[in-house]
>>> print(open('input00.cif').read())   # mmCIF, C-alpha atoms and all ligand atoms
data_final
loop_
_atom_site.label_atom_id
_atom_site.label_comp_id
_atom_site.auth_asym_id
_atom_site.auth_seq_id
_atom_site.Cartn_x
_atom_site.Cartn_y
_atom_site.Cartn_z
CA MET A 124 -7.13 -30.17 -2.02
CA ILE A 125 -10.62 -29.60 -3.38
CA ILE A 126 -12.24 -26.30 -2.39
CA SER A 127 -15.36 -27.06 -0.37
CA ASP A 128 -16.28 -23.61 0.93
CA ALA A 129 -15.40 -19.96 0.37
CA TYR A 130 -16.91 -17.07 2.30
CA LEU A 131 -16.27 -13.49 3.38
CA ILE A 132 -15.89 -12.00 6.83
CA VAL A 133 -16.63 -8.27 6.97
CA THR A 134 -15.54 -6.64 10.21
CA SER A 135 -14.87 -3.15 11.52
CA PRO A 136 -12.61 -3.15 14.58
CA GLY A 137 -12.03 0.62 14.28
CA ARG A 138 -12.04 0.44 10.48
CA ASN A 139 -13.46 -1.86 7.80
CA PHE A 140 -11.75 -5.03 6.65
CA VAL A 141 -12.97 -7.69 4.24
CA THR A 142 -11.38 -11.13 4.59
CA LEU A 143 -11.87 -14.14 2.35
CA LYS A 144 -11.64 -17.64 3.80
CA ILE A 145 -11.22 -20.60 1.44
CA VAL A 146 -11.69 -24.04 2.97
CA THR A 147 -10.63 -27.35 1.39
CA GLU A 148 -12.11 -30.82 1.87
CA SER A 149 -9.04 -31.84 3.86
CA GLY A 150 -9.78 -29.06 6.35
CA VAL A 151 -6.76 -26.92 5.38
CA TYR A 152 -7.93 -23.33 4.88
CA GLY A 153 -6.38 -20.10 3.70
CA ILE A 154 -7.29 -16.45 4.13
CA GLY A 155 -6.89 -13.46 1.86
CA ASP A 156 -7.38 -9.70 2.26
CA ALA A 157 -10.19 -8.26 0.08
CA THR A 158 -10.25 -4.78 1.62
CA LEU A 159 -10.54 -1.78 -0.72
CA ASN A 160 -10.69 1.38 1.39
CA GLY A 161 -14.06 3.12 1.04
CA ARG A 162 -15.25 0.57 -1.57
CA GLU A 163 -15.38 -2.49 0.69
CA LEU A 164 -18.84 -3.74 -0.26
CA ALA A 165 -18.16 -3.41 -3.99
CA VAL A 166 -15.48 -6.11 -3.64
CA VAL A 167 -17.82 -8.17 -1.45
CA ALA A 168 -20.48 -8.10 -4.17
CA TYR A 169 -17.97 -8.97 -6.91
CA LEU A 170 -16.64 -11.93 -4.97
CA GLU A 171 -19.97 -13.24 -3.68
CA GLU A 172 -21.84 -12.95 -6.94
CA HIS A 173 -19.20 -13.68 -9.55
CA VAL A 174 -16.17 -15.42 -8.04
CA LEU A 175 -16.85 -17.57 -4.98
CA PRO A 176 -19.50 -19.81 -6.61
CA THR A 177 -16.98 -20.65 -9.37
CA LEU A 178 -14.35 -21.81 -6.87
CA ILE A 179 -16.26 -24.63 -5.24
CA GLY A 180 -14.99 -28.00 -6.47
CA ARG A 181 -11.75 -26.62 -7.96
CA ASP A 182 -8.33 -27.89 -6.93
CA ALA A 183 -6.85 -25.28 -4.55
CA SER A 184 -3.32 -26.23 -5.55
CA ARG A 185 -3.84 -24.89 -9.11
CA ILE A 186 -3.13 -21.27 -8.17
CA GLU A 187 -1.89 -20.23 -11.60
CA ASP A 188 -4.84 -21.74 -13.44
CA ILE A 189 -7.37 -20.21 -11.03
CA TRP A 190 -5.69 -16.81 -11.42
CA HIS A 191 -6.00 -16.99 -15.20
CA PHE A 192 -9.54 -18.28 -14.98
CA LEU A 193 -10.48 -15.22 -12.91
CA TYR A 194 -8.45 -12.71 -14.95
CA ARG A 195 -8.12 -13.90 -18.53
CA GLY A 196 -11.37 -15.80 -18.39
CA ALA A 197 -13.35 -12.71 -17.45
CA TYR A 198 -14.63 -10.43 -20.18
CA TRP A 199 -14.10 -7.39 -17.87
CA ARG A 200 -10.46 -7.16 -16.90
CA ARG A 201 -8.40 -5.11 -14.44
CA GLY A 202 -9.58 -2.28 -12.21
CA PRO A 203 -9.30 -2.01 -8.42
CA VAL A 204 -12.45 -3.99 -7.56
CA THR A 205 -11.68 -6.92 -9.87
CA MET A 206 -7.99 -7.06 -8.98
CA SER A 207 -8.66 -6.83 -5.22
CA ALA A 208 -11.12 -9.70 -5.54
CA ILE A 209 -8.62 -11.82 -7.50
CA ALA A 210 -5.91 -10.88 -4.99
CA ALA A 211 -7.98 -12.14 -2.06
CA VAL A 212 -8.43 -15.52 -3.77
CA ASP A 213 -4.76 -15.68 -4.70
CA LEU A 214 -3.51 -14.84 -1.18
CA ALA A 215 -5.81 -17.46 0.34
CA LEU A 216 -4.60 -20.09 -2.15
CA TRP A 217 -0.92 -19.36 -1.47
CA ASP A 218 -1.70 -19.62 2.25
CA ILE A 219 -3.27 -23.05 1.65
CA LYS A 220 -0.38 -24.24 -0.52
CA ALA A 221 2.22 -23.18 2.02
CA LYS A 222 0.27 -24.76 4.89
CA ALA A 223 -0.10 -27.99 2.93
CA ALA A 224 3.65 -27.97 2.25
CA GLY A 225 4.34 -27.29 5.95
CA MET A 226 6.37 -24.23 4.96
CA PRO A 227 6.30 -20.51 5.68
CA LEU A 228 5.27 -18.74 2.49
CA TYR A 229 8.68 -17.15 1.83
CA GLN A 230 10.15 -20.64 1.43
CA LEU A 231 7.72 -21.47 -1.38
CA LEU A 232 8.60 -18.21 -3.12
CA GLY A 233 12.29 -19.10 -3.17
CA GLY A 234 13.60 -18.59 0.37
CA LYS A 235 15.10 -15.66 2.21
CA SER A 236 16.99 -12.92 0.39
CA ARG A 237 17.42 -10.99 3.66
CA GLU A 238 17.10 -11.40 7.39
CA ARG A 239 14.80 -8.47 8.03
CA VAL A 240 12.56 -6.05 6.20
CA MET A 241 13.26 -2.32 6.51
CA THR A 242 10.12 -0.24 7.13
CA TYR A 243 9.28 3.43 7.14
CA ALA A 244 7.24 5.19 9.78
CA HIS A 245 4.59 7.86 9.39
CA CYS A 246 5.57 11.14 11.02
CA THR A 247 2.97 13.85 10.65
CA GLY A 248 2.32 17.06 12.55
CA LYS A 249 0.18 20.17 12.28
CA ASP A 250 3.38 22.13 11.63
CA ILE A 251 7.09 21.48 11.05
CA ASP A 252 7.98 21.44 14.76
CA ALA A 253 5.26 18.91 15.55
CA CYS A 254 6.48 16.75 12.68
CA LEU A 255 10.07 16.95 13.96
CA SER A 256 8.90 15.70 17.38
CA GLU A 257 7.28 12.73 15.64
CA VAL A 258 10.51 12.02 13.77
CA GLU A 259 12.43 12.07 17.05
CA LYS A 260 9.92 9.72 18.64
CA HIS A 261 10.07 7.25 15.75
CA LEU A 262 13.87 7.26 15.54
CA LYS A 263 13.90 6.33 19.23
CA LEU A 264 11.62 3.41 18.35
CA GLY A 265 14.33 2.17 15.97
CA TYR A 266 13.07 3.37 12.57
CA ARG A 267 15.74 4.49 10.13
CA ALA A 268 13.26 5.74 7.53
CA VAL A 269 10.52 8.33 8.08
CA ARG A 270 7.75 9.63 5.88
CA VAL A 271 7.30 13.28 6.83
CA GLN A 272 4.10 15.28 6.25
CA ALA A 273 3.36 18.62 7.93
CA GLY A 274 0.43 21.00 7.86
CA VAL A 275 0.79 23.89 5.44
CA PRO A 276 0.16 27.42 6.78
CA GLY A 277 -3.11 28.71 5.33
CA ILE A 278 -4.53 25.24 4.54
CA PRO A 279 -6.83 24.23 7.43
CA THR A 280 -6.71 20.42 7.04
CA THR A 281 -5.17 18.11 4.50
CA TYR A 282 -5.54 14.36 4.13
CA GLY A 283 -2.18 12.86 5.03
CA VAL A 284 -1.63 15.10 8.05
CA THR A 285 -3.22 14.28 11.41
CA LYS A 286 -5.74 16.69 12.85
CA LYS A 287 -4.26 16.10 16.31
CA ASP A 288 -0.56 15.59 17.01
CA GLY A 289 0.38 12.01 17.83
CA GLU A 290 -2.70 10.58 16.09
CA ARG A 291 -2.98 8.90 12.68
CA TYR A 292 -4.70 10.41 9.67
CA GLU A 293 -6.21 7.07 8.65
CA PRO A 294 -8.98 5.95 8.83
CA ALA A 295 -10.71 8.90 7.24
CA ASP A 296 -13.94 7.90 8.90
CA ALA A 297 -16.61 10.34 7.73
CA GLU A 298 -19.64 8.39 6.52
CA LEU A 299 -19.72 10.51 3.35
CA PRO A 300 -16.69 12.22 1.82
CA SER A 301 -15.62 15.34 3.73
CA GLU A 302 -14.20 18.24 1.72
CA ASN A 303 -10.70 19.58 2.27
CA VAL A 304 -9.16 22.74 0.83
CA TRP A 305 -5.98 22.53 -1.20
CA SER A 306 -3.54 25.20 -2.37
CA THR A 307 -0.65 24.06 -4.54
CA GLU A 308 1.07 27.43 -4.23
CA LYS A 309 1.08 27.34 -0.43
CA TYR A 310 2.19 23.72 -0.36
CA LEU A 311 5.04 24.19 -2.84
CA ASN A 312 6.35 27.23 -1.02
CA HIS A 313 6.29 25.43 2.32
CA VAL A 314 7.23 21.77 1.94
CA PRO A 315 10.96 22.17 1.11
CA LYS A 316 11.35 23.84 4.52
CA LEU A 317 10.15 20.63 6.15
CA PHE A 318 12.88 18.52 4.51
CA ALA A 319 15.51 21.15 5.33
CA ALA A 320 14.45 21.09 8.99
CA VAL A 321 14.56 17.27 9.15
CA ARG A 322 18.07 17.12 7.64
CA ASP A 323 19.20 20.00 9.86
CA GLN A 324 18.01 18.32 13.06
CA PHE A 325 18.63 14.64 12.31
CA GLY A 326 21.50 14.64 9.80
CA ASP A 327 22.11 12.65 6.64
CA ASP A 328 21.88 9.08 7.92
CA ILE A 329 18.13 8.67 8.00
CA HIS A 330 15.88 8.06 5.01
CA ILE A 331 13.28 10.77 4.29
CA LEU A 332 10.14 9.95 2.29
CA HIS A 333 7.23 12.19 1.32
CA ASP A 334 3.79 11.61 -0.23
CA VAL A 335 2.21 14.26 -2.48
CA HIS A 336 -1.06 12.28 -2.85
CA HIS A 337 -1.30 12.97 -6.62
CA ARG A 338 -1.97 16.70 -6.17
CA LEU A 339 0.48 18.42 -8.56
CA THR A 340 0.58 19.04 -12.26
CA PRO A 341 3.63 17.58 -14.09
CA ILE A 342 5.55 20.85 -14.23
CA GLU A 343 4.80 21.60 -10.57
CA ALA A 344 6.01 18.13 -9.64
CA ALA A 345 9.17 18.72 -11.67
CA ARG A 346 9.75 21.97 -9.76
CA LEU A 347 9.34 20.21 -6.42
CA ALA A 348 11.49 17.19 -7.33
CA LYS A 349 14.25 19.52 -8.54
CA GLU A 350 14.08 21.89 -5.60
CA VAL A 351 14.32 19.15 -2.97
CA GLU A 352 17.35 17.41 -4.51
CA PRO A 353 19.74 18.77 -1.83
CA TYR A 354 17.78 16.87 0.87
CA HIS A 355 18.33 13.49 -0.83
CA LEU A 356 14.88 12.04 -0.40
CA PHE A 357 14.55 8.26 -0.39
CA TRP A 358 11.47 8.91 -2.51
CA LEU A 359 8.85 11.41 -3.56
CA GLU A 360 5.56 9.54 -3.83
CA ASP A 361 2.59 10.03 -6.15
CA CYS A 362 3.61 13.53 -7.13
CA VAL A 363 1.14 13.59 -10.06
CA PRO A 364 -2.01 11.65 -10.93
CA ALA A 365 -0.54 8.75 -12.92
CA GLU A 366 -3.07 8.28 -15.70
CA ASN A 367 -0.81 10.31 -17.95
CA GLN A 368 2.40 8.35 -17.70
CA GLU A 369 4.27 10.83 -19.91
CA SER A 370 4.15 13.19 -16.90
CA PHE A 371 6.91 11.19 -15.32
CA ARG A 372 9.19 11.82 -18.30
CA LEU A 373 8.85 15.53 -17.72
CA ILE A 374 9.65 15.18 -14.01
CA ARG A 375 12.58 12.86 -14.78
CA GLN A 376 14.08 15.33 -17.25
CA HIS A 377 14.38 17.88 -14.48
CA SER A 378 15.42 15.94 -11.42
CA THR A 379 17.31 13.07 -9.79
CA THR A 380 14.88 12.76 -6.85
CA PRO A 381 13.72 9.09 -6.75
CA LEU A 382 10.04 8.61 -7.60
CA ALA A 383 7.58 6.11 -6.12
CA VAL A 384 4.21 5.32 -7.62
CA GLY A 385 1.55 2.66 -7.78
CA GLU A 386 -0.53 2.40 -4.61
CA VAL A 387 -3.59 2.95 -6.82
CA PHE A 388 -2.29 0.75 -9.67
CA ASN A 389 -3.54 -2.81 -9.95
CA SER A 390 -1.91 -4.31 -13.05
CA ILE A 391 1.46 -4.83 -14.70
CA HIS A 392 0.05 -2.86 -17.65
CA ASP A 393 -0.21 0.23 -15.44
CA TYR A 394 3.57 0.08 -15.04
CA ARG A 395 4.82 -0.91 -18.48
CA GLU A 396 5.50 2.55 -19.89
CA LEU A 397 6.90 3.82 -16.58
CA LEU A 398 9.29 0.89 -16.22
CA GLU A 399 10.39 0.57 -19.84
CA GLY A 400 11.03 4.31 -19.95
CA GLN A 401 13.01 4.15 -16.68
CA LEU A 402 10.77 6.88 -15.32
CA ILE A 403 10.24 5.61 -11.75
CA ASP A 404 12.27 4.03 -8.96
CA TYR A 405 9.81 2.22 -6.66
CA ILE A 406 6.62 0.22 -7.25
CA ARG A 407 3.94 0.49 -4.54
CA THR A 408 1.04 -1.79 -5.51
CA PRO A 409 0.17 -3.90 -2.47
CA LEU A 410 -0.47 -7.63 -2.91
CA SER A 411 -4.13 -7.18 -1.98
CA HIS A 412 -4.89 -4.67 -4.76
CA GLY A 413 -2.71 -6.03 -7.54
CA GLY A 414 -4.03 -9.53 -8.11
CA GLY A 415 -2.07 -11.13 -5.27
CA ILE A 416 1.33 -12.76 -5.21
CA THR A 417 0.88 -14.40 -8.62
CA HIS A 418 0.61 -11.05 -10.38
CA VAL A 419 2.67 -8.70 -8.21
CA ARG A 420 5.72 -10.93 -8.46
CA ARG A 421 5.55 -10.50 -12.24
CA ILE A 422 5.49 -6.73 -11.76
CA ALA A 423 8.48 -6.99 -9.40
CA ASP A 424 10.38 -9.12 -11.93
CA LEU A 425 9.71 -6.65 -14.73
CA ALA A 426 10.76 -3.81 -12.40
CA SER A 427 14.02 -5.57 -11.58
CA LEU A 428 15.13 -5.32 -15.24
CA TYR A 429 15.17 -1.55 -14.77
CA HIS A 430 16.74 -1.45 -11.27
CA VAL A 431 13.37 -0.52 -9.82
CA ARG A 432 12.62 -1.81 -6.32
CA THR A 433 9.54 -2.58 -4.24
CA GLY A 434 8.08 -0.27 -1.62
CA PHE A 435 4.68 -1.75 -0.87
CA HIS A 436 1.80 0.36 0.33
CA GLY A 437 1.14 -0.52 3.97
CA ALA A 438 -1.29 1.98 5.47
CA THR A 439 -3.82 0.68 8.01
CA ASP A 440 -6.44 -0.06 5.32
CA LEU A 441 -4.27 -3.01 4.22
CA SER A 442 -5.28 -5.67 6.74
CA PRO A 443 -2.75 -7.72 8.73
CA VAL A 444 -3.45 -10.49 6.20
CA CYS A 445 -2.02 -8.35 3.40
CA LEU A 446 0.80 -7.12 5.61
CA GLY A 447 1.70 -10.65 6.73
CA ALA A 448 1.86 -11.88 3.13
CA ALA A 449 3.82 -8.76 2.15
CA ILE A 450 6.47 -9.47 4.79
CA HIS A 451 7.01 -12.94 3.26
CA PHE A 452 7.22 -11.37 -0.20
CA ASP A 453 9.59 -8.65 1.06
CA THR A 454 11.80 -11.27 2.70
CA TRP A 455 12.09 -13.14 -0.59
CA VAL A 456 11.94 -10.58 -3.41
CA PRO A 457 15.44 -9.86 -4.79
CA ASN A 458 14.69 -6.21 -5.62
CA PHE A 459 13.23 -5.21 -2.25
CA GLY A 460 13.38 -1.54 -1.33
CA ILE A 461 11.30 -0.74 1.74
CA GLN A 462 7.94 -1.59 3.36
CA GLU A 463 5.46 1.04 4.57
CA HIS A 464 4.44 0.54 8.21
CA MET A 465 1.49 2.30 9.77
CA PRO A 466 0.77 0.17 12.87
CA HIS A 467 -2.73 -1.24 13.24
CA GLU A 468 -4.70 -0.47 16.39
CA ALA A 469 -4.27 -3.14 19.11
CA ILE A 470 -7.84 -4.34 18.59
CA VAL A 471 -7.08 -5.11 14.92
CA ASP A 472 -4.15 -7.28 15.97
CA THR A 473 -6.51 -9.11 18.35
CA VAL A 474 -8.96 -9.91 15.57
CA PHE A 475 -6.09 -10.88 13.23
CA SER A 476 -3.45 -12.91 15.06
CA HIS A 477 -0.09 -12.95 13.30
CA ASP A 478 3.41 -14.27 13.71
CA TYR A 479 5.39 -11.40 12.15
CA GLN A 480 7.36 -9.31 14.57
CA PHE A 481 8.45 -5.71 14.56
CA VAL A 482 11.96 -5.12 15.89
CA ASP A 483 13.99 -1.90 15.60
CA GLY A 484 12.21 -0.45 12.61
CA HIS A 485 12.20 -3.80 10.75
CA PHE A 486 9.77 -6.67 10.28
CA ILE A 487 10.98 -10.20 10.97
CA VAL A 488 9.09 -12.86 9.05
CA GLY A 489 7.44 -15.70 11.00
CA GLU A 490 8.02 -19.43 10.55
CA THR A 491 4.41 -20.68 10.82
CA PRO A 492 3.34 -22.60 7.70
CA GLY A 493 1.37 -20.30 5.37
CA HIS A 494 1.46 -16.51 5.57
CA GLY A 495 1.16 -16.64 9.33
CA VAL A 496 -2.01 -14.54 9.78
CA ASP A 497 -5.38 -15.82 10.97
CA ILE A 498 -8.74 -14.27 11.85
CA ASP A 499 -10.85 -14.78 14.98
CA GLU A 500 -14.25 -15.02 13.32
CA ALA A 501 -16.28 -14.85 16.54
CA LEU A 502 -14.50 -11.67 17.60
CA ALA A 503 -14.75 -10.20 14.09
CA LYS A 504 -18.55 -10.55 14.25
CA GLN A 505 -18.65 -8.19 17.22
CA TYR A 506 -17.54 -5.28 14.97
CA PRO A 507 -20.15 -4.69 12.25
CA TYR A 508 -19.36 -2.84 9.02
CA LYS A 509 -19.73 0.95 9.08
CA ARG A 510 -19.69 2.98 5.88
CA ALA A 511 -16.57 5.17 5.76
CA SER A 512 -15.34 7.45 2.98
CA LEU A 513 -12.08 9.03 1.98
CA PRO A 514 -12.25 12.84 1.62
CA VAL A 515 -12.12 15.00 -1.52
CA ASN A 516 -10.06 18.10 -2.22
CA ARG A 517 -11.18 21.48 -3.54
CA LEU A 518 -9.01 24.43 -4.50
CA GLU A 519 -9.60 27.64 -2.57
CA ASP A 520 -11.99 28.88 -5.30
CA GLY A 521 -14.09 25.72 -4.99
CA THR A 522 -12.75 23.74 -7.97
CA LEU A 523 -12.74 20.01 -7.30
CA TRP A 524 -9.08 18.96 -7.33
CA HIS A 525 -7.04 15.80 -7.66
CA TRP A 526 -7.21 13.60 -4.66
O1 LIG A 601 -6.55 3.96 1.09
C1 LIG A 601 -5.83 5.11 0.94
C2 LIG A 601 -4.72 5.22 1.95
O2 LIG A 601 -4.16 4.00 2.29
C3 LIG A 601 -3.66 6.07 1.36
O3 LIG A 601 -4.15 7.30 1.03
C4 LIG A 601 -2.50 6.22 2.25
O4 LIG A 601 -1.29 7.42 0.59
C5 LIG A 601 -1.28 6.63 1.50
C6 LIG A 601 -0.02 6.00 1.88
O5 LIG A 601 0.95 6.27 1.20
O6 LIG A 601 -0.01 5.23 2.82
MG MG A 602 0.51 7.21 -0.61
#
>>> encode(input="input00.cif", output="structure tokens")
Amino acid sequence: MIISDAYLIVTSPGRNFVTLKIVTESGVYGIGDATLNGRELAVVAYLEEHVLPTLIGRDASRIEDIWHFLYRGAYWRRGPVTMSAIAAVDLALWDIKAKAAGMPLYQLLGGKSRERVMTYAHCTGKDIDACLSEVEKHLKLGYRAVRVQAGVPGIPTTYGVTKKDGERYEPADAELPSENVWSTEKYLNHVPKLFAAVRDQFGDDIHILHDVHHRLTPIEAARLAKEVEPYHLFWLEDCVPAENQESFRLIRQHSTTPLAVGEVFNSIHDYRELLEGQLIDYIRTPLSHGGGITHVRRIADLASLYHVRTGFHGATDLSPVCLGAAIHFDTWVPNFGIQEHMPHEAIVDTVFSHDYQFVDGHFIVGETPGHGVDIDEALAKQYPYKRASLPVNRLEDGTLWHW
């Protein structure tokens, strides 16, 4: 299984995706997701200039050795660009190995730990009522877990809440970063009312999740986590920027609300203090940003020592390739928690054919050898790359704020 070719396919069927294809001399090929939202071409450059030329002639079956060659062998380690590039290679190699074995990927990982993968839906609205309508709609679709985000009175637009009801907030497709206004005071005074309304209308049997997008200080996050305890959230996500991991100790000291973190993490080292200190409950690093299956399964194993479960990031910037591989991982991993599900546009699913199915709020893994996702390269070429940027936040007085 000697690698004979490795190249990238950059396509934008409604949003940008970068896909790596690795081809072996026997003709078996694998694909990996190399998409990093708003930084797509940085990963392309890293792969094309520094990684792909080193792969030609290597044995594709030596996944572990190639991973260490790309990680340990590099002077510059970690970081989102590097780890997304390594992840793309790793996902493609696991795809090749599983295809060569004639097995769906979950079998190579160790087989099924469950029959189906619970997902959570995105329910957002310009106000609480609009958000409640979205919850109702998604419960009718079979979801048992909903991530609720509602506009805050006095804040004109916020990333994470759709501008128009019924639409998605991703992709944030301004060519250059747009600027949003943020007020912590207004948000903190308002958001508990959203959870109260959801519990009031839909009862205790559904799971409620919420994403703070890193916007609070530690003591503000502690206040929020404590105040929303009566609504029994499944998780409160990214309530503080996570560079200062001690922040989570402060939040933990004040509250029993479960905490999720890690969609911007890319290494096991980002988690060590949080896991060893028992400061979090869910890990969110997707396979495509955290060095692929080879590395993320080590994070999941470390997490399992501390009763911490997975809850992979799954917004639409993670391509169907990442999602497909994630569903295999979710089906296998012993300490699975939940999988984020923000459905791709139909055109994306045309470019990326896949064998996973969505039934009653759950994903069902496919049985095709490999991770079960492929790309139609001719169709992909019809959608050229378009620069797109995530927004920034400023406080009402103009201060640039956390994302
Ligand atoms: O690339 C950034 C988005 O995927 C992210 O902001 C969405 O926070 C997000 C989430 O939880 O899905
Ligand atoms: Mg998030």
>>> atom_distance(input="input00.cif", atom1="CA of Leu398 (chain A)", atom2="CA of Ala208 (chain A)")
25.4 Å
>>> closest_residue(input="input00.cif", among="A:Trp524, A:Trp217, A:Phe459, A:Tyr282", to="ligand MG 602 (chain A)", atoms="all atoms listed in the file")
A:Tyr282
>>> residues_near_ligand(input="input00.cif", ligand="ligand LIG 601 (chain A)", cutoff="6 Å", atoms="all atoms listed in the file", output="PDB file with C-alpha atoms, in the frame of the given file")
ATOM      1  CA  ASN A 160     -10.690   1.380   1.390  1.00  0.00           C
ATOM      2  CA  HIS A 336      -1.060  12.280  -2.850  1.00  0.00           C
ATOM      3  CA  HIS A 436       1.800   0.360   0.330  1.00  0.00           C
ATOM      4  CA  GLY A 437       1.140  -0.520   3.970  1.00  0.00           C
ATOM      5  CA  ALA A 438      -1.290   1.980   5.470  1.00  0.00           C
ATOM      6  CA  ASP A 440      -6.440  -0.060   5.320  1.00  0.00           C
TER       7      ASP A 440
END
>>> residues_near_ligand(input="input00.cif", ligand="ligand MG 602 (chain A)", cutoff="7 Å", atoms="all atoms listed in the file", output="compact mmCIF listing (two decimals) with C-alpha atoms, in the frame of the given file")
# COMPACT_ATOMS: atom_id res chain seq x y z
CA ASP A 334 3.79 11.61 -0.23
CA HIS A 336 -1.06 12.28 -2.85
CA GLU A 360 5.56 9.54 -3.83
CA ASP A 361 2.59 10.03 -6.15
CA GLU A 386 -0.53 2.40 -4.61
>>> closest_residue(input="input00.cif", among="A:Ile132, A:Cys246, A:Ala273, A:Ala157", to="Leu502 (chain A)", atoms="all atoms listed in the file")
A:Ile132
>>> closest_residue(input="input00.cif", among="A:Leu441, A:Ala197, A:Ala448, A:Ala426", to="Thr491 (chain A)", atoms="only C-alpha atoms")
A:Ala448
>>> closest_residue(input="input00.cif", among="A:Leu216, A:Leu231, A:Ala345, A:Ile461", to="Asp188 (chain A)", atoms="all atoms listed in the file")
A:Leu216
>>> residues_around(input="input00.cif", residues="Asn389 (chain A)", least_positions_apart="5", cutoff="9 Å", atoms="all atoms listed in the file", output="list in words")
Arg201, Gly202, Pro203, Met206, Ser207, Thr408, Pro409, His412, Gly413, Gly414 and Val419 of chain A
>>> residues_around(input="input00.cif", residues="Pro341 (chain A)", least_positions_apart="3", cutoff="7 Å", atoms="all atoms listed in the file", output="list in words")
Ala344, Ala345, Val363, Ser370, Leu373 and Ile374 of chain A
>>> residues_around(input="input00.cif", residues="His313 (chain A)", least_positions_apart="2", cutoff="12 Å", atoms="all atoms listed in the file", output="number ranges by chain")
A: 250-251, 272-278, 306-311, 315-320, 347, 350-351
>>> residues_around(input="input00.cif", residues="Asp328 (chain A)", least_positions_apart="6", cutoff="10 Å", atoms="only C-alpha atoms", output="mmCIF file with C-alpha atoms, in the frame of the given file")
data_model
loop_
_atom_site.group_PDB
_atom_site.id
_atom_site.type_symbol
_atom_site.label_atom_id
_atom_site.label_comp_id
_atom_site.auth_asym_id
_atom_site.auth_seq_id
_atom_site.Cartn_x
_atom_site.Cartn_y
_atom_site.Cartn_z
ATOM 1 C CA ARG A 267 15.740 4.490 10.130
ATOM 2 C CA ALA A 268 13.260 5.740 7.530
ATOM 3 C CA ARG A 322 18.070 17.120 7.640
#
>>> closest_residue(input="input00.cif", among="A:Gly161, A:Gly150, A:Pro507, A:Gly460", to="Thr134 (chain A)", atoms="all atoms listed in the file")
A:Pro507
>>> residues_around(input="input00.cif", residues="region 464-472 of chain A", least_positions_apart="6", cutoff="10 Å", atoms="only C-alpha atoms", output="MDAnalysis selection string")
chainID A and resid 134:138 140 241:246 269:270 291 293 435:443 446 481 484:486 496:498 502:503
>>> closest_residue(input="input00.cif", among="A:His494, A:His330, A:Arg338, A:Arg237", to="Asn458 (chain A)", atoms="all atoms listed in the file")
A:Arg237
>>> atom_distance(input="input00.cif", atom1="CA of Val133 (chain A)", atom2="CA of Trp526 (chain A)")
26.5 Å
>>> residues_near_point(input="input00.cif", point="(-18.5, -6.5, -4.9)", cutoff="12 Å", atoms="all atoms listed in the file", output="short mmCIF file (atom, residue, chain, number, x, y, z; two decimals) with C-alpha atoms, in the coordinates of the input")
data_model
loop_
_atom_site.label_atom_id
_atom_site.label_comp_id
_atom_site.auth_asym_id
_atom_site.auth_seq_id
_atom_site.Cartn_x
_atom_site.Cartn_y
_atom_site.Cartn_z
CA LEU A 131 -16.27 -13.49 3.38
CA VAL A 141 -12.97 -7.69 4.24
CA ALA A 157 -10.19 -8.26 0.08
CA THR A 158 -10.25 -4.78 1.62
CA LEU A 159 -10.54 -1.78 -0.72
CA ARG A 162 -15.25 0.57 -1.57
CA GLU A 163 -15.38 -2.49 0.69
CA LEU A 164 -18.84 -3.74 -0.26
CA ALA A 165 -18.16 -3.41 -3.99
CA VAL A 166 -15.48 -6.11 -3.64
CA VAL A 167 -17.82 -8.17 -1.45
CA ALA A 168 -20.48 -8.10 -4.17
CA TYR A 169 -17.97 -8.97 -6.91
CA LEU A 170 -16.64 -11.93 -4.97
CA GLU A 171 -19.97 -13.24 -3.68
CA GLU A 172 -21.84 -12.95 -6.94
CA HIS A 173 -19.20 -13.68 -9.55
CA VAL A 174 -16.17 -15.42 -8.04
CA LEU A 175 -16.85 -17.57 -4.98
CA PRO A 203 -9.30 -2.01 -8.42
CA VAL A 204 -12.45 -3.99 -7.56
CA THR A 205 -11.68 -6.92 -9.87
CA MET A 206 -7.99 -7.06 -8.98
CA SER A 207 -8.66 -6.83 -5.22
CA ALA A 208 -11.12 -9.70 -5.54
CA ILE A 209 -8.62 -11.82 -7.50
#
>>> atom_distance(input="input00.cif", atom1="CA of His392 (chain A)", atom2="CA of Asp182 (chain A)")
28.5 Å
